[in-house]
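Only one structure is covered here, and it is reproduced in the block below.
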There are 2 protein chains.
Amino acid sequence: MIQRLAIVGVGLLGGSIALAARAHGLAREIVGIGRDRTRLEAPLRAGAVDRVTTDLAAGVRDADVVVLAANVLANEQLLADAWPAVASSAVVTDVGSTKRGIVAAAERLPGAHRFVGSHPMAGSEKSGYAVARPDLFRGAIVIVTPGDASEPGAVKTVTSFWEALGARVSALEPDTHDRVVAAISHLPHVVAWALVEAVGRFEPAALPFAARGFKDTTRIAAADTAMWTEILLSNRDTIASSLGAFRGALGDLERLIAAGDRGGIERLLARLKAQRETLA
Amino acid sequence: MIQRLAIVGVGLLGGSIALAARAHGLAREIVGIGRDRTRLEAPLRAGAVDRVTTDLAAGVRDADVVVLAANVLANEQLLADAWPAVASSAVVTDVGSTKRGIVAAAERLPGAHRFVGSHPMAGSEKSGYAVARPDLFRGAIVIVTPGDASEPGAVKTVTSFWEALGARVSALEPDTHDRVVAAISHLPHVVAWALVEAVGRFEPAALPFAARGFKDTTRIAAADTAMWTEILLSNRDTIASSLGAFRGALGDLERLIAAGDRGGIERLLARLKAQRETLA
């Protein structure tokens, strides 16, 4: 039982953590912390949090678990700003989509062993508390990324926390994590944005004819702008490498098409179909 | 009321046409034609078609409407092969995903005014009669592409046919059609295949972590290999142009990320989010 759970940023993820913790009776008191008092009204009225504040230090004080749930670069700054007020027995985690930056930021702080990064792979192209829900993490994968300094007890606390919310937890090195999410999340987002832009440039008359295929492929292009700007900035080197692999793959397929190589196209498409079908 | 409807290729699209025509009481007799007798058993047993044959000429003879529902390049050959047996009063259409090729093929035939190309924008990454359904065309867009030779009466017959199956019909020039589908269908497929391939090359360990975003973006990578090989081959010049636009858009976004241009990324992502949100 957590005596006091402090959540910094009560949007889709922070709000869902509050709702899930409440639903599972995981915390005696939940404190919601944000910059904008008006945005804290809805979770407070709904009883997702017991108390709200715009004062970061006051909000995290005496909490035994602190979750940073703002955007990824903002979390790095919030970690440093909150740290002096965080109890020396508290465990701190975050929900950011990249992990090298915040783990490095934590390792510059005294008592870094009490920070363990998390990345719940749940979400939506929608954002804000209005779309938060208590079952967001049920069955979701949460990657935890202990740094070299992380204390085993803190890793266990954070792992148990996510498992209590219904998630399946995997541990990865921060570097590996950032490559994994570049591959299966950041690269697809960049590609989806480029697709929307390309259709506008190539044949704007095409959009009214868009059917399910185009809609599925570009759904994530409607993702939250502020959140994704920070993700792209915080993982730019790895995204650049993944784009290199993508350009290579695209070029190979394009050459087969340009050459009219029926056998080559068929073999490649059959292999990729099989590979995609290994996913649900 | 169609006296005899002949459908060449009784897979997802041909089978769904049969089921829908049956459900709407649109044809007195429906003939299913295919190369492989065993694949014609299921639609025959289900009563989707009244009669099946592997003899193309016998199948289309005395039909008043003939629908070519094989793969796109195969349809061009089937059109030429079937033509001598098609009644001079019959109207012929197809369901292929590209239209310049088959319209040009029709215009080389005597009586070309009785051919009107169609492209029902409905389907699935699955294929075959097993996934056919009578409501596949309900609310779907069907693009008809009358050629210079097409007779207004034939255009009307084909348009009414699709409308009777529940579709909304738009007319486009064959050239415009092929640009539109390159933009909103062929390009996204090529990109989805390249994404699956790129993840395998860049970070194979990432695939088990794939969540909804990656799955949505790459769902169409599981599309039917034989069908898509022919689509890519039949529209290769236009696909190449659309890939040029895509590379340009991708490069612009990549440069903003590499430069760490927060304002530029935010503005571009906000614009593309708004553009994507104009689609359902």
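Identifiers in the structure tokens: chain A, B, ... in order shown; residue index from 1 per chain; ligand index from 1 in order shown.
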
Q: Name the residues in contact with region 206-219 of chain A at a cut-off of 6 Å, using only C-alpha atoms, excluding same-chain residues fewer than 4 positions from it; report them as a PyMOL selection string.
A: (chain A and resi 192) or (chain B and resi 180+184+216-217)

Could those residues be written to a file, using C-alpha atoms, as a short mmCIF file (atom, residue, chain, number, x, y, z; two decimals), in the first residue's frame?
```cif
data_model
loop_
_atom_site.label_atom_id
_atom_site.label_comp_id
_atom_site.auth_asym_id
_atom_site.auth_seq_id
_atom_site.Cartn_x
_atom_site.Cartn_y
_atom_site.Cartn_z
CA ALA A 192 2.98 8.51 -41.15
CA VAL B 180 -5.24 9.01 -56.70
CA ILE B 184 -3.75 6.88 -50.95
CA ASP B 216 -2.06 -0.01 -37.52
CA THR B 217 0.70 1.50 -39.62
#
```

Q. Quick one: which residues from chain A are at most 6 Å off chain B, using only C-alpha atoms, as a ChimeraX atom specification?
A. /A:180,183-184,194,198-199,202,206,210,214,216-217,221-222,225,229,233,245-246,249-250,260,266,269-270,273,276

Q: Any chance you could list, as a list of chain:residue names, the residues in region 144-210 of chain B that come up strand (DSSP E) when DSSP is run on the backbone?
A: B:Val144, B:Thr145, B:Arg168, B:Val169, B:Ser170, B:Ala171

Q) Just how far from CA of Ala149 (chain B) is CA of Gly9 (chain B), in Å to one decimal? A)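 According to the coordinates, CA of Gly9 (chain B) and CA of Ala149 (chain B) are separated by 25.5 Å.
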
Q) Pick the closest to His119 (chain A) from A:Ala18, A:Val72, A:Ala106, A:Ala27: which is it, counting only C-alpha atoms? A)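 Comparing A:Ala18, A:Val72, A:Ala106, A:Ala27 against His119 (chain A), the winner is A:Val72.
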
Q | Test item: residues at most 7 Å from Ile33 (chain A), only C-alpha atoms, excluding those fewer than 5 positions along its chain, as a VMD selection string | A | chain A and resid 7 to 9 52 to 54 56 59

Q. Quick one: distance from CA of Arg114 (chain A) to CA of Val10 (chain A) in Å, one decimal?
A.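 Those two atoms sit 22.1 Å apart.
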
Q. What's the 10 Å shell around Val65 (chain B), counting only C-alpha atoms, without same-chain residues fewer than 6 positions away, as a list in words?
A.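 So the residues in contact are Ile2, Gln3, Arg4, Leu5, Ala6, Ile7, Ala27, Ile30, Val86, Ala87, Ser89, Ala90, Val91, Val92, Thr93, Arg114, Ala154, Thr157, Val158 and Phe161 of chain B.
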